[in-house]
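The data block below is structure-v4.csv; it holds CSV, N, CA and C atoms.
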```
chain,number,residue,atom,x,y,z
A,1,MET,N,128.3,-38.8,-71.0
A,1,MET,CA,129.3,-38.6,-70.0
A,1,MET,C,128.6,-37.9,-68.8
A,2,ALA,N,128.9,-38.4,-67.6
A,2,ALA,CA,128.4,-37.8,-66.4
A,2,ALA,C,129.4,-36.9,-65.8
A,3,HIS,N,129.0,-36.0,-64.9
A,3,HIS,CA,129.9,-35.1,-64.2
A,3,HIS,C,129.8,-35.2,-62.7
A,4,TRP,N,130.9,-34.9,-62.1
A,4,TRP,CA,131.0,-35.1,-60.6
A,4,TRP,C,131.8,-34.0,-60.0
A,5,LEU,N,131.7,-33.9,-58.7
A,5,LEU,CA,132.5,-33.0,-57.9
A,5,LEU,C,133.2,-33.9,-56.8
A,6,ILE,N,134.6,-33.8,-56.8
A,6,ILE,CA,135.3,-34.5,-55.8
A,6,ILE,C,136.0,-33.5,-54.9
A,7,LYS,N,136.0,-33.8,-53.6
A,7,LYS,CA,136.5,-32.8,-52.6
A,7,LYS,C,137.8,-33.4,-51.9
A,8,SER,N,138.7,-32.4,-51.7
A,8,SER,CA,139.9,-32.8,-50.9
A,8,SER,C,140.3,-31.5,-50.2
A,9,GLU,N,140.8,-31.7,-48.9
A,9,GLU,CA,141.4,-30.6,-48.2
A,9,GLU,C,142.7,-30.4,-48.8
A,10,PRO,N,143.1,-29.2,-49.1
A,10,PRO,CA,144.4,-28.9,-49.8
A,10,PRO,C,145.6,-29.4,-48.9
A,11,SER,N,145.4,-29.3,-47.6
A,11,SER,CA,146.5,-29.7,-46.7
A,11,SER,C,146.7,-31.3,-46.7
A,12,ALA,N,145.6,-32.0,-47.1
A,12,ALA,CA,145.7,-33.5,-47.2
A,12,ALA,C,146.1,-33.9,-48.6
A,13,TYR,N,145.5,-33.3,-49.7
A,13,TYR,CA,145.9,-33.6,-51.1
A,13,TYR,C,145.4,-32.4,-51.9
A,14,SER,N,146.3,-31.6,-52.4
A,14,SER,CA,146.0,-30.4,-53.1
A,14,SER,C,145.9,-30.6,-54.6
A,15,TRP,N,145.3,-29.7,-55.3
A,15,TRP,CA,145.3,-29.7,-56.8
A,15,TRP,C,146.8,-29.7,-57.3
A,16,ASP,N,147.7,-28.9,-56.7
A,16,ASP,CA,149.0,-28.9,-57.2
A,16,ASP,C,149.7,-30.2,-57.0
A,17,GLN,N,149.5,-30.9,-55.9
A,17,GLN,CA,150.0,-32.3,-55.8
A,17,GLN,C,149.4,-33.2,-56.8
A,18,PHE,N,148.1,-33.1,-57.0
A,18,PHE,CA,147.5,-34.0,-58.0
A,18,PHE,C,148.1,-33.8,-59.4
A,19,VAL,N,148.3,-32.5,-59.8
A,19,VAL,CA,149.0,-32.2,-61.1
A,19,VAL,C,150.4,-32.8,-61.1
A,20,LYS,N,151.1,-32.7,-60.0
A,20,LYS,CA,152.5,-33.2,-60.0
A,20,LYS,C,152.4,-34.8,-60.1
A,21,ASP,N,151.5,-35.4,-59.5
A,21,ASP,CA,151.3,-36.9,-59.5
A,21,ASP,C,150.9,-37.4,-60.9
A,22,LYS,N,150.2,-36.6,-61.6
A,22,LYS,CA,149.6,-36.9,-63.0
A,22,LYS,C,148.4,-37.8,-62.9
A,23,LYS,N,148.2,-38.5,-61.8
A,23,LYS,CA,147.1,-39.5,-61.7
A,23,LYS,C,147.1,-39.9,-60.2
A,24,THR,N,145.9,-40.2,-59.7
A,24,THR,CA,145.7,-40.7,-58.4
A,24,THR,C,144.5,-41.6,-58.2
A,25,SER,N,144.6,-42.4,-57.2
A,25,SER,CA,143.4,-43.2,-56.8
A,25,SER,C,142.7,-42.4,-55.7
A,26,TRP,N,141.4,-42.2,-55.9
A,26,TRP,CA,140.6,-41.4,-55.0
A,26,TRP,C,140.2,-42.3,-53.8
A,27,THR,N,141.1,-42.5,-52.9
A,27,THR,CA,140.9,-43.4,-51.8
A,27,THR,C,140.4,-42.7,-50.6
A,28,GLY,N,140.0,-43.5,-49.6
A,28,GLY,CA,139.6,-43.0,-48.3
A,28,GLY,C,138.1,-42.6,-48.2
A,29,VAL,N,137.3,-42.8,-49.2
A,29,VAL,CA,135.9,-42.5,-49.2
A,29,VAL,C,135.2,-43.6,-48.4
A,30,ARG,N,134.5,-43.2,-47.3
A,30,ARG,CA,133.9,-44.2,-46.5
A,30,ARG,C,132.4,-44.0,-46.4
A,31,ASN,N,131.9,-42.8,-46.7
A,31,ASN,CA,130.5,-42.5,-46.7
A,31,ASN,C,129.7,-43.4,-47.8
A,32,ALA,N,128.6,-44.0,-47.4
A,32,ALA,CA,127.9,-44.9,-48.3
A,32,ALA,C,127.4,-44.2,-49.6
A,33,GLN,N,126.9,-43.0,-49.5
A,33,GLN,CA,126.4,-42.3,-50.6
A,33,GLN,C,127.6,-41.9,-51.5
A,34,ALA,N,128.6,-41.4,-51.0
A,34,ALA,CA,129.8,-41.0,-51.7
A,34,ALA,C,130.4,-42.2,-52.5
A,35,ALA,N,130.4,-43.3,-51.8
A,35,ALA,CA,130.9,-44.6,-52.4
A,35,ALA,C,130.0,-45.0,-53.5
A,36,ALA,N,128.7,-44.9,-53.4
A,36,ALA,CA,127.8,-45.2,-54.5
A,36,ALA,C,128.1,-44.3,-55.7
A,37,ASN,N,128.4,-43.1,-55.4
A,37,ASN,CA,128.8,-42.2,-56.5
A,37,ASN,C,130.0,-42.6,-57.2
A,38,LEU,N,131.0,-43.0,-56.4
A,38,LEU,CA,132.3,-43.6,-57.0
A,38,LEU,C,131.9,-44.8,-57.9
A,39,LYS,N,131.1,-45.6,-57.4
A,39,LYS,CA,130.7,-46.8,-58.2
A,39,LYS,C,130.0,-46.5,-59.5
A,40,ALA,N,129.3,-45.3,-59.5
A,40,ALA,CA,128.6,-44.9,-60.7
A,40,ALA,C,129.5,-44.3,-61.8
A,41,MET,N,130.7,-43.9,-61.4
A,41,MET,CA,131.6,-43.2,-62.3
A,41,MET,C,132.1,-44.1,-63.5
A,42,LYS,N,132.2,-43.5,-64.6
A,42,LYS,CA,132.6,-44.3,-65.8
A,42,LYS,C,133.9,-43.6,-66.4
A,43,VAL,N,134.7,-44.4,-67.1
A,43,VAL,CA,135.9,-43.8,-67.7
A,43,VAL,C,135.5,-42.7,-68.6
A,44,GLY,N,136.2,-41.6,-68.5
A,44,GLY,CA,135.8,-40.4,-69.4
A,44,GLY,C,135.0,-39.4,-68.7
A,45,ASP,N,134.3,-39.8,-67.6
A,45,ASP,CA,133.5,-38.8,-66.8
A,45,ASP,C,134.4,-37.7,-66.3
A,46,ARG,N,133.9,-36.5,-66.3
A,46,ARG,CA,134.7,-35.3,-65.8
A,46,ARG,C,134.3,-35.0,-64.4
A,47,CYS,N,135.2,-34.4,-63.6
A,47,CYS,CA,135.0,-34.1,-62.2
A,47,CYS,C,135.6,-32.7,-61.9
A,48,PHE,N,134.8,-31.9,-61.2
A,48,PHE,CA,135.4,-30.7,-60.6
A,48,PHE,C,136.3,-31.1,-59.4
A,49,PHE,N,137.5,-30.6,-59.3
A,49,PHE,CA,138.3,-30.8,-58.1
A,49,PHE,C,138.1,-29.6,-57.2
A,50,TYR,N,137.6,-29.9,-56.0
A,50,TYR,CA,137.2,-28.9,-55.1
A,50,TYR,C,138.0,-28.9,-53.8
A,51,HIS,N,138.6,-27.8,-53.5
A,51,HIS,CA,139.4,-27.7,-52.2
A,51,HIS,C,138.4,-27.4,-51.1
A,52,SER,N,138.2,-28.3,-50.2
A,52,SER,CA,137.3,-28.2,-49.0
A,52,SER,C,138.0,-27.6,-47.8
A,53,ASN,N,137.3,-27.1,-46.9
A,53,ASN,CA,137.7,-26.5,-45.6
A,53,ASN,C,138.6,-25.3,-45.8
A,54,GLU,N,139.8,-25.5,-46.5
A,54,GLU,CA,140.6,-24.4,-46.8
A,54,GLU,C,140.5,-24.0,-48.3
A,55,GLY,N,140.0,-22.8,-48.5
A,55,GLY,CA,139.8,-22.3,-49.8
A,55,GLY,C,138.3,-22.4,-50.3
A,56,LYS,N,137.7,-23.6,-50.1
A,56,LYS,CA,136.3,-23.8,-50.4
A,56,LYS,C,136.0,-23.3,-51.8
A,57,GLU,N,136.7,-23.9,-52.8
A,57,GLU,CA,136.5,-23.5,-54.2
A,57,GLU,C,136.9,-24.6,-55.2
A,58,ILE,N,136.2,-24.5,-56.3
A,58,ILE,CA,136.6,-25.4,-57.4
A,58,ILE,C,137.9,-24.8,-58.1
A,59,VAL,N,138.9,-25.7,-58.1
A,59,VAL,CA,140.2,-25.2,-58.6
A,59,VAL,C,140.7,-25.9,-59.9
A,60,GLY,N,140.0,-27.0,-60.3
A,60,GLY,CA,140.5,-27.8,-61.5
A,60,GLY,C,139.4,-28.7,-62.0
A,61,ILE,N,139.8,-29.4,-63.1
A,61,ILE,CA,138.9,-30.4,-63.7
A,61,ILE,C,139.8,-31.7,-63.8
A,62,ALA,N,139.1,-32.8,-63.5
A,62,ALA,CA,139.8,-34.1,-63.5
A,62,ALA,C,138.9,-35.0,-64.4
A,63,GLU,N,139.5,-36.1,-64.8
A,63,GLU,CA,138.8,-37.1,-65.6
A,63,GLU,C,139.0,-38.5,-65.0
A,64,VAL,N,137.9,-39.3,-65.0
A,64,VAL,CA,138.0,-40.6,-64.5
A,64,VAL,C,138.7,-41.5,-65.5
A,65,VAL,N,139.8,-42.2,-65.1
A,65,VAL,CA,140.5,-43.1,-66.0
A,65,VAL,C,140.5,-44.6,-65.6
A,66,ARG,N,139.9,-44.9,-64.5
A,66,ARG,CA,139.6,-46.3,-64.1
A,66,ARG,C,138.4,-46.3,-63.2
A,67,THR,N,137.5,-47.2,-63.5
A,67,THR,CA,136.3,-47.3,-62.7
A,67,THR,C,136.5,-48.0,-61.4
A,68,ALA,N,135.5,-48.0,-60.6
A,68,ALA,CA,135.6,-48.5,-59.2
A,68,ALA,C,136.3,-49.8,-59.0
A,69,TYR,N,137.1,-49.9,-58.0
A,69,TYR,CA,137.8,-51.2,-57.6
A,69,TYR,C,138.1,-51.1,-56.1
A,70,PRO,N,138.4,-52.2,-55.5
A,70,PRO,CA,138.6,-52.2,-54.0
A,70,PRO,C,139.6,-51.1,-53.6
A,71,ASP,N,139.3,-50.4,-52.6
A,71,ASP,CA,140.2,-49.4,-52.0
A,71,ASP,C,141.2,-50.0,-51.2
A,72,PRO,N,142.5,-50.0,-51.6
A,72,PRO,CA,143.6,-50.7,-50.8
A,72,PRO,C,143.8,-50.1,-49.4
A,73,THR,N,143.3,-48.9,-49.1
A,73,THR,CA,143.4,-48.3,-47.8
A,73,THR,C,142.4,-48.7,-46.8
A,74,ASP,N,141.4,-49.5,-47.3
A,74,ASP,CA,140.3,-49.9,-46.4
A,74,ASP,C,140.6,-51.3,-45.9
A,75,LYS,N,140.9,-51.4,-44.6
A,75,LYS,CA,141.3,-52.7,-44.0
A,75,LYS,C,140.1,-53.7,-44.0
A,76,ASP,N,138.8,-53.2,-44.0
A,76,ASP,CA,137.6,-54.0,-44.0
A,76,ASP,C,137.3,-54.5,-45.4
A,77,GLY,N,137.9,-53.9,-46.4
A,77,GLY,CA,137.6,-54.4,-47.8
A,77,GLY,C,136.2,-54.0,-48.3
A,78,LYS,N,135.6,-53.0,-47.7
A,78,LYS,CA,134.2,-52.7,-48.2
A,78,LYS,C,134.2,-51.5,-49.1
A,79,SER,N,135.2,-50.6,-49.1
A,79,SER,CA,135.2,-49.4,-49.8
A,79,SER,C,135.8,-49.6,-51.2
A,80,VAL,N,135.5,-48.6,-52.1
A,80,VAL,CA,136.0,-48.6,-53.4
A,80,VAL,C,136.8,-47.3,-53.7
A,81,THR,N,137.5,-47.3,-54.8
A,81,THR,CA,138.2,-46.1,-55.2
A,81,THR,C,138.1,-46.1,-56.7
A,82,VAL,N,138.4,-44.9,-57.3
A,82,VAL,CA,138.5,-44.8,-58.8
A,82,VAL,C,139.8,-44.1,-59.0
A,83,ASP,N,140.3,-44.2,-60.2
A,83,ASP,CA,141.5,-43.4,-60.6
A,83,ASP,C,141.1,-42.2,-61.4
A,84,VAL,N,141.7,-41.1,-61.1
A,84,VAL,CA,141.5,-39.9,-61.9
A,84,VAL,C,142.8,-39.2,-62.3
A,85,LYS,N,142.7,-38.4,-63.3
A,85,LYS,CA,143.9,-37.7,-63.8
A,85,LYS,C,143.5,-36.2,-64.0
A,86,PRO,N,144.4,-35.3,-63.8
A,86,PRO,CA,144.0,-33.9,-64.0
A,86,PRO,C,143.8,-33.6,-65.5
A,87,VAL,N,142.8,-32.8,-65.8
A,87,VAL,CA,142.6,-32.3,-67.1
A,87,VAL,C,143.3,-30.9,-67.2
A,88,GLY,N,143.0,-30.1,-66.2
A,88,GLY,CA,143.6,-28.7,-66.2
A,88,GLY,C,143.0,-27.9,-65.1
A,89,PRO,N,143.7,-26.8,-64.7
A,89,PRO,CA,143.1,-25.9,-63.7
A,89,PRO,C,142.0,-25.1,-64.3
A,90,VAL,N,141.2,-24.5,-63.5
A,90,VAL,CA,140.2,-23.6,-64.0
A,90,VAL,C,140.9,-22.2,-64.0
A,91,LYS,N,140.4,-21.4,-64.9
A,91,LYS,CA,141.0,-20.0,-65.1
A,91,LYS,C,140.6,-19.2,-63.8
A,92,THR,N,139.4,-19.3,-63.4
A,92,THR,CA,138.9,-18.5,-62.2
A,92,THR,C,138.3,-19.5,-61.2
A,93,PRO,N,138.9,-19.7,-60.1
A,93,PRO,CA,138.4,-20.6,-59.0
A,93,PRO,C,136.9,-20.1,-58.7
A,94,VAL,N,136.1,-21.1,-58.5
A,94,VAL,CA,134.7,-20.8,-58.2
A,94,VAL,C,134.4,-21.1,-56.7
A,95,THR,N,134.2,-20.1,-56.0
A,95,THR,CA,134.1,-20.3,-54.5
A,95,THR,C,132.7,-20.8,-54.1
A,96,LEU,N,132.7,-21.4,-52.9
A,96,LEU,CA,131.4,-21.9,-52.4
A,96,LEU,C,130.5,-20.7,-52.2
A,97,ALA,N,131.0,-19.5,-51.8
A,97,ALA,CA,130.2,-18.4,-51.6
A,97,ALA,C,129.5,-17.9,-52.9
A,98,ALA,N,130.2,-18.0,-54.0
A,98,ALA,CA,129.6,-17.6,-55.3
A,98,ALA,C,128.6,-18.6,-55.7
A,99,ILE,N,128.8,-19.9,-55.4
A,99,ILE,CA,127.9,-20.9,-55.7
A,99,ILE,C,126.6,-20.7,-54.9
A,100,LYS,N,126.7,-20.5,-53.6
A,100,LYS,CA,125.6,-20.4,-52.7
A,100,LYS,C,124.8,-19.1,-53.0
A,101,ALA,N,125.5,-18.1,-53.6
A,101,ALA,CA,124.8,-16.8,-53.9
A,101,ALA,C,124.0,-16.9,-55.2
A,102,ASN,N,124.1,-18.0,-55.9
A,102,ASN,CA,123.4,-18.1,-57.2
A,102,ASN,C,122.2,-19.1,-57.0
A,103,PRO,N,121.0,-18.6,-57.1
A,103,PRO,CA,119.8,-19.5,-56.8
A,103,PRO,C,119.8,-20.7,-57.8
A,104,ALA,N,120.5,-20.7,-58.9
A,104,ALA,CA,120.5,-21.8,-59.8
A,104,ALA,C,121.1,-23.0,-59.2
A,105,PHE,N,121.9,-22.8,-58.2
A,105,PHE,CA,122.6,-24.0,-57.6
A,105,PHE,C,121.9,-24.5,-56.3
A,106,LYS,N,120.7,-24.1,-56.0
A,106,LYS,CA,120.1,-24.5,-54.8
A,106,LYS,C,120.0,-26.1,-54.7
A,107,ASP,N,119.9,-26.8,-55.8
A,107,ASP,CA,119.8,-28.2,-55.8
A,107,ASP,C,121.1,-28.9,-56.1
A,108,LEU,N,122.2,-28.2,-56.2
A,108,LEU,CA,123.6,-28.8,-56.4
A,108,LEU,C,124.0,-29.6,-55.1
A,109,GLY,N,124.5,-30.8,-55.3
A,109,GLY,CA,124.9,-31.6,-54.2
A,109,GLY,C,125.8,-30.9,-53.2
A,110,LEU,N,126.8,-30.0,-53.7
A,110,LEU,CA,127.7,-29.3,-52.8
A,110,LEU,C,126.9,-28.4,-51.9
A,111,VAL,N,125.8,-27.9,-52.3
A,111,VAL,CA,125.0,-27.0,-51.5
A,111,VAL,C,124.0,-27.8,-50.6
A,112,ARG,N,123.4,-28.8,-51.2
A,112,ARG,CA,122.4,-29.6,-50.4
A,112,ARG,C,123.0,-30.6,-49.4
A,113,GLN,N,124.1,-31.2,-49.8
A,113,GLN,CA,124.8,-32.2,-48.9
A,113,GLN,C,126.3,-31.8,-48.9
A,114,SER,N,126.5,-30.7,-48.2
A,114,SER,CA,127.8,-30.1,-48.2
A,114,SER,C,129.0,-31.0,-47.7
A,115,ARG,N,128.6,-32.0,-46.9
A,115,ARG,CA,129.7,-32.8,-46.3
A,115,ARG,C,130.1,-34.0,-47.2
A,116,LEU,N,129.3,-34.2,-48.2
A,116,LEU,CA,129.5,-35.4,-49.1
A,116,LEU,C,130.8,-35.1,-50.0
A,117,SER,N,131.7,-36.1,-49.9
A,117,SER,CA,133.0,-35.8,-50.6
A,117,SER,C,133.0,-36.1,-52.1
A,118,VAL,N,132.0,-36.9,-52.6
A,118,VAL,CA,131.9,-37.2,-54.0
A,118,VAL,C,130.4,-37.0,-54.3
A,119,SER,N,130.1,-36.1,-55.3
A,119,SER,CA,128.7,-35.9,-55.6
A,119,SER,C,128.5,-35.6,-57.1
A,120,PRO,N,127.3,-36.0,-57.6
A,120,PRO,CA,127.1,-35.8,-59.0
A,120,PRO,C,126.8,-34.3,-59.3
A,121,VAL,N,127.1,-33.9,-60.5
A,121,VAL,CA,126.8,-32.5,-61.0
A,121,VAL,C,126.0,-32.7,-62.3
A,122,GLY,N,124.8,-32.2,-62.3
A,122,GLY,CA,124.0,-32.2,-63.5
A,122,GLY,C,124.5,-31.4,-64.6
A,123,ASP,N,124.1,-31.7,-65.8
A,123,ASP,CA,124.6,-31.1,-67.0
A,123,ASP,C,124.4,-29.6,-67.0
A,124,ALA,N,123.3,-29.1,-66.5
A,124,ALA,CA,123.0,-27.6,-66.5
A,124,ALA,C,124.0,-27.0,-65.5
A,125,HIS,N,124.2,-27.6,-64.3
A,125,HIS,CA,125.1,-27.1,-63.3
A,125,HIS,C,126.5,-27.1,-63.9
A,126,TRP,N,126.9,-28.2,-64.5
A,126,TRP,CA,128.2,-28.3,-65.1
A,126,TRP,C,128.5,-27.2,-66.1
A,127,LYS,N,127.6,-26.9,-67.0
A,127,LYS,CA,127.8,-25.9,-68.0
A,127,LYS,C,127.9,-24.5,-67.3
A,128,LEU,N,127.1,-24.2,-66.3
A,128,LEU,CA,127.2,-22.9,-65.6
A,128,LEU,C,128.5,-22.8,-64.8
A,129,LEU,N,128.8,-23.9,-64.1
A,129,LEU,CA,130.1,-23.8,-63.3
A,129,LEU,C,131.3,-23.7,-64.2
A,130,THR,N,131.4,-24.4,-65.3
A,130,THR,CA,132.5,-24.3,-66.2
A,130,THR,C,132.6,-22.9,-66.8
A,131,LYS,N,131.4,-22.3,-67.1
A,131,LYS,CA,131.4,-20.9,-67.6
A,131,LYS,C,131.9,-19.9,-66.5
A,132,MET,N,131.5,-20.1,-65.3
A,132,MET,CA,131.9,-19.3,-64.2
A,132,MET,C,133.5,-19.4,-64.0
A,133,ALA,N,133.9,-20.6,-64.2
A,133,ALA,CA,135.4,-20.9,-64.0
A,133,ALA,C,136.2,-20.5,-65.2
A,134,GLY,N,135.6,-20.2,-66.3
A,134,GLY,CA,136.4,-19.8,-67.5
A,134,GLY,C,137.1,-21.1,-68.0
A,135,ALA,N,136.4,-22.2,-67.9
A,135,ALA,CA,137.0,-23.5,-68.3
A,135,ALA,C,136.2,-24.0,-69.5
A,136,LYS,N,136.8,-25.0,-70.2
A,136,LYS,CA,136.1,-25.6,-71.3
A,136,LYS,C,135.3,-26.7,-70.8
A,137,GLU,N,134.1,-27.0,-71.4
A,137,GLU,CA,133.3,-28.1,-71.0
A,137,GLU,C,133.9,-29.4,-71.4
```
As structure tokens - that is how I would like this structure written.
Amino acid sequence: MAHWLIKSEPSAYSWDQFVKDKKTSWTGVRNAQAAANLKAMKVGDRCFFYHSNEGKEIVGIAEVVRTAYPDPTDKDGKSVTVDVKPVGPVKTPVTLAAIKANPAFKDLGLVRQSRLSVSPVGDAHWKLLTKMAGAKE
């Protein structure tokens, strides 16, 4: 199983809305690298749900329930989306400041490519972040 980080501005699509919806298509990704990451996702992969711009913190864990398919919001038909469902909130939100303060995360995509909306999370980073969040792996 691979691990990922997916970002959303809470004013656009929040964790609370995601939980209320019970499932969503991760549409609107237009960056080529982020789209390649969507294409690499497999059913059962876990994702941190990260509130960007407002909050700047990991607030929950999601699971991929459908692999990449054409994004219906893309008029050009070039983009893909995946479907994800909430697994649960984290006990303690993990802030970007806390992540940047820990040298163990210097190679984490969120730190290295901060504007990327979908990025991989290595196993060691996943374990450390879930521990910081008080969440189950």
(message) (136.7, -39.8, -62.5) in this file's frame - what residues fall within 10 Å of it? Use only C-alpha atoms and give the answer as a VMD selection string.
(response) chain A and resid 2 to 6 24 to 26 38 40 to 48 61 to 68 81 to 86
As lines of an AutoDock Vina configuration file, please: the centre and edge lengths in Å, to one decimal, of an axis-aligned box enclosing every listed atom of region 61-70 of chain A with 8 Å added on each side.
```
center_x = 138.0
center_y = -40.8
center_z = -59.8
size_x = 21.0
size_y = 38.8
size_z = 28.4
```
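We find atom N of Ala133 (chain A) and CA of Tyr13 (chain A) to be spaced 22.0 Å apart.
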(request) Using DSSP on the backbone, list every residue of region 25-113 of chain A that comes out as strand (DSSP E), and give them as a ChimeraX atom specification. (result) /A:25,46-51,57-70,80-95
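Interatomic distance, CA of Gln33 (chain A) against CA of Ser8 (chain A): 16.5 Å.
Of note, atom C of Phe18 (chain A) and atom C of Lys100 (chain A) are spaced 28.3 Å apart.
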(message) Residues near Ser114 (chain A), anyone? I mean within 10 Å using only C-alpha atoms, not counting same-chain ones fewer than 4 positions away, as a PyMOL selection string.
(response) chain A and resi 52+96+108-110+119
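Residue nearest Lys7 (chain A), chosen from A:Pro120, A:Gly77, A:Gly134, A:Pro103 and counting only C-alpha atoms: A:Pro120.
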(message) For the structure I just gave you, how does DSSP split region 63-118 of chain A - specifically, which residues are alpha helix (DSSP H)? Reply as a ChimeraX atom specification.
(response) /A:96-101,109-112
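In terms of minimum interatomic distance to Pro89 (chain A), A:Gly60 ranks closest within A:Thr73, A:Lys136, A:Gly60, A:Lys127, counting only N, CA and C atoms.
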